[in-house]
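A.B. asks: Structure file upload-v2.pdb (PDB, C-alpha atoms) is given on the next line.
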```
ATOM      1  CA  MET A 192      52.618 117.732  87.211
ATOM      2  CA  LYS A 193      54.642 120.527  88.829
ATOM      3  CA  LYS A 194      55.984 118.049  91.390
ATOM      4  CA  ILE A 195      57.141 115.666  88.629
ATOM      5  CA  ILE A 196      58.911 118.491  86.771
ATOM      6  CA  LEU A 197      60.543 119.633  90.019
ATOM      7  CA  ILE A 198      61.704 116.071  90.838
ATOM      8  CA  VAL A 199      63.101 115.592  87.301
ATOM      9  CA  PHE A 200      64.871 118.982  87.511
ATOM     10  CA  ILE A 201      66.424 118.108  90.882
ATOM     11  CA  ALA A 202      67.520 114.681  89.609
ATOM     12  CA  PHE A 203      69.230 116.138  86.522
ATOM     13  CA  SER A 204      70.787 118.924  88.574
ATOM     14  CA  SER A 205      72.211 116.377  91.011
ATOM     15  CA  LEU A 206      73.716 114.341  88.173
ATOM     16  CA  ALA A 207      75.225 117.438  86.569
ATOM     17  CA  PHE A 208      76.679 118.568  89.908
ATOM     18  CA  GLN A 209      78.222 115.125  90.520
ATOM     19  CA  ASN A 210      79.845 115.306  87.078
ATOM     20  CA  LEU A 211      81.357 118.698  87.892
ATOM     21  CA  GLN A 212      82.752 117.406  91.161
ATOM     22  CA  ALA A 213      84.304 114.398  89.406
ATOM     23  CA  GLN A 214      86.536 116.666  87.285
ATOM     24  CA  SER A 215      89.734 117.046  89.284
ATOM     25  CA  PHE A 216      93.236 117.768  88.144
ATOM     26  CA  PRO A 217      96.496 116.827  89.842
ATOM     27  CA  ASP A 218      98.486 119.400  91.780
ATOM     28  CA  MET A 219     101.305 121.166  89.962
ATOM     29  CA  ASP A 220     104.426 119.035  89.564
ATOM     30  CA  SER A 221     107.074 119.931  92.128
ATOM     31  CA  SER A 222     109.577 120.088  89.239
ATOM     32  CA  PRO A 223     107.536 121.664  86.418
ATOM     33  CA  MET A 224     108.567 121.238  82.812
ATOM     34  CA  ASP A 225     109.972 124.262  80.957
ATOM     35  CA  LEU A 226     111.650 124.996  77.650
ATOM     36  CA  SER A 227     114.079 127.471  76.207
ATOM     37  CA  MET A 228     114.405 128.300  72.507
ATOM     38  CA  ALA A 229     117.498 129.649  70.717
ATOM     39  CA  ARG A 230     116.705 132.205  68.020
ATOM     40  CA  VAL A 231     118.771 135.033  66.556
ATOM     41  CA  ASP A 232     115.620 137.207  66.824
ATOM     42  CA  LYS A 233     111.871 136.654  67.220
ATOM     43  CA  LYS A 234     111.314 136.477  63.447
ATOM     44  CA  SER A 235     114.056 133.967  62.646
ATOM     45  CA  LEU A 236     113.842 130.186  62.604
ATOM     46  CA  PRO A 237     115.081 128.472  65.761
ATOM     47  CA  LEU A 238     118.605 127.102  66.090
ATOM     48  CA  ALA A 239     117.953 124.857  69.093
ATOM     49  CA  ARG A 240     115.482 124.079  71.872
ATOM     50  CA  VAL A 241     115.835 122.449  75.264
ATOM     51  CA  ILE A 242     112.970 120.882  77.253
ATOM     52  CA  TYR A 243     113.679 120.100  80.908
ATOM     53  CA  SER A 244     112.091 119.815  84.339
ATOM     54  CA  ARG A 245     112.984 122.461  86.950
ATOM     55  CA  PRO A 246     113.720 121.039  90.398
ATOM     56  CA  GLN A 247     113.898 123.465  93.341
ATOM     57  CA  LYS A 248     116.768 123.913  95.783
ATOM     58  CA  LYS A 249     114.493 123.980  98.876
ATOM     59  CA  GLY A 250     117.456 124.459 101.230
ATOM     60  CA  ARG A 251     119.235 121.318 100.035
ATOM     61  CA  ASP A 252     122.909 120.921  99.145
ATOM     62  CA  ILE A 253     122.748 120.537  95.369
ATOM     63  CA  PHE A 254     126.104 119.863  93.705
ATOM     64  CA  GLY A 255     128.100 117.276  95.588
ATOM     65  CA  GLY A 256     124.893 116.410  97.536
ATOM     66  CA  LEU A 257     121.582 115.884  95.727
ATOM     67  CA  VAL A 258     123.512 115.830  92.420
ATOM     68  CA  PRO A 259     126.684 113.807  93.140
ATOM     69  CA  TYR A 260     129.969 114.889  91.624
ATOM     70  CA  GLY A 261     131.412 112.601  88.977
ATOM     71  CA  GLU A 262     128.138 110.849  88.087
ATOM     72  CA  VAL A 263     125.923 111.145  84.999
ATOM     73  CA  TRP A 264     122.984 113.473  85.731
ATOM     74  CA  ARG A 265     119.826 113.886  83.648
ATOM     75  CA  THR A 266     120.339 117.663  83.932
ATOM     76  CA  GLY A 267     117.018 118.317  85.618
ATOM     77  CA  ALA A 268     114.279 116.193  87.130
ATOM     78  CA  ASN A 269     111.886 113.536  85.852
ATOM     79  CA  GLU A 270     112.552 112.700  82.172
ATOM     80  CA  ALA A 271     116.069 113.324  80.906
ATOM     81  CA  THR A 272     116.578 116.752  79.327
ATOM     82  CA  GLU A 273     115.714 116.873  75.617
ATOM     83  CA  LEU A 274     117.815 118.922  73.179
ATOM     84  CA  THR A 275     116.517 119.579  69.670
ATOM     85  CA  ILE A 276     118.857 120.973  67.027
ATOM     86  CA  TYR A 277     117.103 122.643  64.063
ATOM     87  CA  THR A 278     120.132 123.597  61.971
ATOM     88  CA  PRO A 279     123.598 121.996  61.883
ATOM     89  CA  LEU A 280     125.648 123.220  64.874
ATOM     90  CA  LYS A 281     129.175 122.435  66.063
ATOM     91  CA  PHE A 282     129.429 121.053  69.568
ATOM     92  CA  GLY A 283     133.127 120.910  70.324
ATOM     93  CA  ASN A 284     134.629 119.207  67.266
ATOM     94  CA  THR A 285     131.397 117.381  66.379
ATOM     95  CA  LEU A 286     128.874 118.663  63.851
ATOM     96  CA  LEU A 287     125.414 117.926  65.261
ATOM     97  CA  LYS A 288     122.825 117.206  62.585
ATOM     98  CA  PRO A 289     119.274 118.497  62.996
ATOM     99  CA  GLY A 290     117.371 116.155  65.290
ATOM    100  CA  THR A 291     116.486 115.423  68.880
ATOM    101  CA  TYR A 292     119.031 114.295  71.446
ATOM    102  CA  THR A 293     119.275 113.813  75.205
ATOM    103  CA  LEU A 294     121.471 116.210  77.167
ATOM    104  CA  TYR A 295     123.303 114.673  80.117
ATOM    105  CA  THR A 296     125.932 116.261  82.337
ATOM    106  CA  ILE A 297     128.580 115.052  84.741
ATOM    107  CA  PRO A 298     129.049 117.866  87.270
ATOM    108  CA  ASP A 299     132.317 118.303  89.106
ATOM    109  CA  GLU A 300     133.572 121.078  91.375
ATOM    110  CA  GLU A 301     135.537 122.922  88.677
ATOM    111  CA  ASN A 302     134.293 121.518  85.349
ATOM    112  CA  TRP A 303     131.257 119.798  83.914
ATOM    113  CA  THR A 304     131.279 117.189  81.174
ATOM    114  CA  ILE A 305     128.418 117.904  78.766
ATOM    115  CA  ILE A 306     127.080 114.888  76.869
ATOM    116  CA  VAL A 307     124.883 114.870  73.770
ATOM    117  CA  ASN A 308     123.376 111.395  73.480
ATOM    118  CA  SER A 309     121.211 109.853  70.737
ATOM    119  CA  ASP A 310     119.019 107.758  73.072
ATOM    120  CA  THR A 311     115.801 109.777  73.503
ATOM    121  CA  ASN A 312     112.552 109.540  75.488
ATOM    122  CA  VAL A 313     114.252 108.169  78.591
ATOM    123  CA  TRP A 314     113.478 108.628  82.272
ATOM    124  CA  GLY A 315     116.283 110.148  84.294
ATOM    125  CA  ALA A 316     119.830 108.884  83.898
ATOM    126  CA  PHE A 317     118.974 105.336  84.982
ATOM    127  CA  SER A 318     118.998 104.045  81.406
ATOM    128  CA  TYR A 319     121.984 106.132  80.206
ATOM    129  CA  LYS A 320     123.993 104.272  77.559
ATOM    130  CA  LYS A 321     127.504 105.616  76.965
ATOM    131  CA  GLU A 322     127.660 103.865  73.581
ATOM    132  CA  LYS A 323     124.872 106.213  72.400
ATOM    133  CA  ASP A 324     126.994 109.343  73.062
ATOM    134  CA  VAL A 325     127.246 111.559  69.997
ATOM    135  CA  ALA A 326     129.719 114.003  71.541
ATOM    136  CA  ARG A 327     131.198 115.212  74.840
ATOM    137  CA  ILE A 328     132.851 118.461  75.841
ATOM    138  CA  THR A 329     134.132 119.864  79.124
ATOM    139  CA  VAL A 330     133.190 123.384  80.260
ATOM    140  CA  PRO A 331     134.208 125.321  83.361
ATOM    141  CA  CYS A 332     131.777 125.571  86.257
ATOM    142  CA  GLU A 333     131.384 129.194  87.383
ATOM    143  CA  GLN A 334     130.195 130.793  90.615
ATOM    144  CA  ALA A 335     126.784 132.471  90.200
ATOM    145  CA  ALA A 336     126.415 136.106  91.286
ATOM    146  CA  ALA A 337     123.316 135.190  93.332
ATOM    147  CA  PRO A 338     121.659 131.922  94.406
ATOM    148  CA  ILE A 339     119.383 130.300  91.802
ATOM    149  CA  GLU A 340     116.423 128.554  93.513
ATOM    150  CA  SER A 341     115.107 126.657  90.459
ATOM    151  CA  LEU A 342     117.240 124.906  87.863
ATOM    152  CA  SER A 343     117.246 127.337  84.935
ATOM    153  CA  MET A 344     118.307 127.143  81.289
ATOM    154  CA  ILE A 345     118.480 129.942  78.746
ATOM    155  CA  PHE A 346     120.134 130.468  75.378
ATOM    156  CA  LYS A 347     122.302 133.478  74.518
ATOM    157  CA  THR A 348     122.340 133.722  70.721
ATOM    158  CA  ASP A 349     124.404 135.793  68.300
ATOM    159  CA  SER A 350     125.590 135.552  64.685
ATOM    160  CA  LYS A 351     128.233 132.903  65.589
ATOM    161  CA  GLY A 352     125.780 130.460  67.194
ATOM    162  CA  THR A 353     124.290 130.059  70.645
ATOM    163  CA  ILE A 354     125.353 129.358  74.213
ATOM    164  CA  LEU A 355     123.147 127.305  76.513
ATOM    165  CA  MET A 356     123.467 128.602  80.080
ATOM    166  CA  ILE A 357     122.505 126.190  82.855
ATOM    167  CA  GLY A 358     122.339 127.539  86.401
ATOM    168  CA  TRP A 359     121.221 126.212  89.768
ATOM    169  CA  ASP A 360     122.087 126.868  93.393
ATOM    170  CA  ASP A 361     125.301 128.918  93.277
ATOM    171  CA  HIS A 362     126.787 127.539  90.032
ATOM    172  CA  TYR A 363     126.338 127.872  86.292
ATOM    173  CA  VAL A 364     127.922 126.603  83.083
ATOM    174  CA  GLU A 365     127.938 127.923  79.519
ATOM    175  CA  ILE A 366     127.703 125.369  76.706
ATOM    176  CA  PRO A 367     128.679 126.652  73.235
ATOM    177  CA  PHE A 368     126.983 125.553  70.003
ATOM    178  CA  LYS A 369     128.578 127.236  66.969
ATOM    179  CA  LYS A 370     127.419 127.671  63.416
ATOM    180  CA  PRO A 371     129.691 125.654  61.084
TER     181      PRO A 371
END
```
As a first step, turn the structure in this file into structure tokens.
C.D. replies:
Amino acid sequence: MKKIILIVFIAFSSLAFQNLQAQSFPDMDSSPMDLSMARVDKKSLPLARVIYSRPQKKGRDIFGGLVPYGEVWRTGANEATELTIYTPLKFGNTLLKPGTYTLYTIPDEENWTIIVNSDTNVWGAFSYKKEKDVARITVPCEQAAAPIESLSMIFKTDSKGTILMIGWDDHYVEIPFKKP
């Protein structure tokens, strides 16, 4: 009887161990997803949010190399960058209504064209449709004080609205969204 119990115990243990070994997860994405939220303070409702993937420099030439000048860029890696507006905000001369948009950019050496597009849930810039543009503005491209290894986005918010800062490699841009 003891032998039967021991054999049954070993059999169940083996099955349980095989199940544990079968649980594997993929390695971390080389361009992990991140988000930044625009709020006046921690207690206030959000103004905007951006969800993007963060590619790494890894010694590569970024602007004018990996990201060609003069071409539409998804502003990150993997899926195109998603911009959600929670309260009406002015983007240039356009009043953006609350909703979700795609944020594309066209980098150049001195200026970037920033595009808010209504086509959402798209992969990269391969399916970019200019006719879906809601608004475009041009902002100056600035020299960063120090190299930025991972593409980074952060909002600077005050009573007038918010500025989305995008920085990577040795460049950054500031994109203004103003309260109407």
A.B. asks: Check the smallest atom-to-atom distance from each of A:Ala337, A:Leu274, A:Ile366, A:Ile253 to Leu226 (chain A) using all atoms listed in the file, then report the winner.
C.D. replies: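 Closest to Leu226 (chain A), using all atoms listed in the file: A:Leu274.
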A.B. asks: Write out as a ChimeraX atom specification each polymer residue whose atoms come within 7 Å of region 282-292 of chain A, counting all atoms listed in the file; drop sequence neighbours fewer than 5 positions from it.
C.D. replies: /A:273-277,307-311,326,328,367-369
A.B. asks: Those same residues, written as a compact mmCIF listing (two decimals), keeping the file's coordinate frame with C-alpha atoms?
C.D. replies:
```
# COMPACT_ATOMS: atom_id res chain seq x y z
CA GLU A 273 115.71 116.87 75.62
CA LEU A 274 117.82 118.92 73.18
CA THR A 275 116.52 119.58 69.67
CA ILE A 276 118.86 120.97 67.03
CA TYR A 277 117.10 122.64 64.06
CA VAL A 307 124.88 114.87 73.77
CA ASN A 308 123.38 111.40 73.48
CA SER A 309 121.21 109.85 70.74
CA ASP A 310 119.02 107.76 73.07
CA THR A 311 115.80 109.78 73.50
CA ALA A 326 129.72 114.00 71.54
CA ILE A 328 132.85 118.46 75.84
CA PRO A 367 128.68 126.65 73.24
CA PHE A 368 126.98 125.55 70.00
CA LYS A 369 128.58 127.24 66.97
```
A.B. asks: Just how far from CA of Gln334 (chain A) is CA of His362 (chain A), in Å to one decimal?
C.D. replies: 4.7 Å
A.B. asks: On this structure, which residues satisfy the PyMOL selection byres ((chain A and resi 365) around 6), written as a ChimeraX atom specification?
C.D. replies: /A:355-356,364,366
A.B. asks: With C-alpha atoms retained, write the just-selected residues as a PDB file, in the coordinates of the input.
C.D. replies:
```pdb
ATOM      1  CA  LEU A 355     123.147 127.305  76.513  1.00  0.00           C
ATOM      2  CA  MET A 356     123.467 128.602  80.080  1.00  0.00           C
ATOM      3  CA  VAL A 364     127.922 126.603  83.083  1.00  0.00           C
ATOM      4  CA  ILE A 366     127.703 125.369  76.706  1.00  0.00           C
TER       5      ILE A 366
END
```
A.B. asks: For Met228 (chain A), please output as number ranges by chain all residues within 9 Å (counting all atoms listed in the file; exclusion window: fewer than 6 positions along the same chain).
C.D. replies: A: 237-242, 345-346
A.B. asks: Find the residues near Thr266 (chain A): any atom within 8 Å, counting only C-alpha atoms, skip ones fewer than 5 places away on the same chain, and give them as a list in words.
C.D. replies: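 Here the qualifying residues turn out to be Tyr243, Ala271, Thr272, Leu294, Tyr295 and Thr296 of chain A.
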A.B. asks: Evaluating the PyMOL selection byres ((chain A and resi 314-318) around 9) on the displayed file yields which residues, as a list in words?
C.D. replies: Val263, Trp264, Arg265, Thr266, Gly267, Ala268, Asn269, Glu270, Ala271, Thr272, Tyr295, Asn312, Val313, Tyr319 and Lys320 of chain A
A.B. asks: Around all the atoms of region 311-326 of chain A listed in the file, draw an axis-aligned box and extend it by 5 Å on each of the six sides; I want its centre and edge lengths in Å to one decimal, as AutoDock Vina command-line options.
C.D. replies:
```
--center_x 121.1 --center_y 108.9 --center_z 77.5 --size_x 27.2 --size_y 20.1 --size_z 25.0
```
A.B. asks: Could you jot down the CA of Pro223 (chain A) to CA of Arg251 (chain A) separation for me, Å, one decimal place?
C.D. replies: 18.0 Å
A.B. asks: Can you tell me, as a list of chain:residue names, which residues sit within 12 Å of (108.3, 117.7, 94.4) in the file's frame, using all atoms listed in the file?
C.D. replies: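 Looking at atoms near the point gives A:Asp218, A:Met219, A:Asp220, A:Ser221, A:Ser222, A:Pro223, A:Ser244, A:Arg245, A:Pro246, A:Gln247, A:Lys248, A:Lys249, A:Ala268, A:Asn269, A:Ser341.
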A.B. asks: Export, as an mmCIF file, in the coordinates of the input, the selected residues with C-alpha atoms.
C.D. replies:
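File selection.cif, as written:
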```cif
data_model
loop_
_atom_site.group_PDB
_atom_site.id
_atom_site.type_symbol
_atom_site.label_atom_id
_atom_site.label_comp_id
_atom_site.auth_asym_id
_atom_site.auth_seq_id
_atom_site.Cartn_x
_atom_site.Cartn_y
_atom_site.Cartn_z
ATOM 1 C CA ASP A 218 98.486 119.400 91.780
ATOM 2 C CA MET A 219 101.305 121.166 89.962
ATOM 3 C CA ASP A 220 104.426 119.035 89.564
ATOM 4 C CA SER A 221 107.074 119.931 92.128
ATOM 5 C CA SER A 222 109.577 120.088 89.239
ATOM 6 C CA PRO A 223 107.536 121.664 86.418
ATOM 7 C CA SER A 244 112.091 119.815 84.339
ATOM 8 C CA ARG A 245 112.984 122.461 86.950
ATOM 9 C CA PRO A 246 113.720 121.039 90.398
ATOM 10 C CA GLN A 247 113.898 123.465 93.341
ATOM 11 C CA LYS A 248 116.768 123.913 95.783
ATOM 12 C CA LYS A 249 114.493 123.980 98.876
ATOM 13 C CA ALA A 268 114.279 116.193 87.130
ATOM 14 C CA ASN A 269 111.886 113.536 85.852
ATOM 15 C CA SER A 341 115.107 126.657 90.459
#
```
A.B. asks: Would you work out the distance separating CA of Asp299 (chain A) from CA of Lys351 (chain A), expressed in Å to one decimal?
C.D. replies: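 Here the two named atoms are 28.0 Å from each other.
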A.B. asks: Hey, which of A:Thr293, A:Thr304, A:Ser235, A:Ser227 ends up closest to Ile354 (chain A)? Count only C-alpha atoms.
C.D. replies: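 Between A:Thr293, A:Thr304, A:Ser235, A:Ser227, the residue approaching Ile354 (chain A) most closely is A:Ser227.
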A.B. asks: Counting all atoms listed in the file, figure out which residue out of A:Pro279, A:Gly358, A:Pro217, A:Pro371 gets nearest to Ala335 (chain A).
C.D. replies: A:Gly358
A.B. asks: Of the candidates A:Asp360, A:Glu262, A:Leu236, A:Glu333, which shows the shortest atom-to-atom distance to Thr278 (chain A), using all atoms listed in the file?
C.D. replies: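 Ranking A:Asp360, A:Glu262, A:Leu236, A:Glu333 by distance to Thr278 (chain A), first place goes to A:Leu236.
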A.B. asks: Applying 7 Å and only C-alpha atoms, which residues near Pro298 (chain A) remain after dropping the ones on its own chain fewer than 3 positions away? List them as a PyMOL selection string.
C.D. replies: chain A and resi 260-261+302-304
A.B. asks: From the options A:Tyr363, A:Asp324, A:Ile357, A:Asp349, which residue's atoms come nearest to Glu300 (chain A), counting all atoms listed in the file?
C.D. replies: A:Tyr363
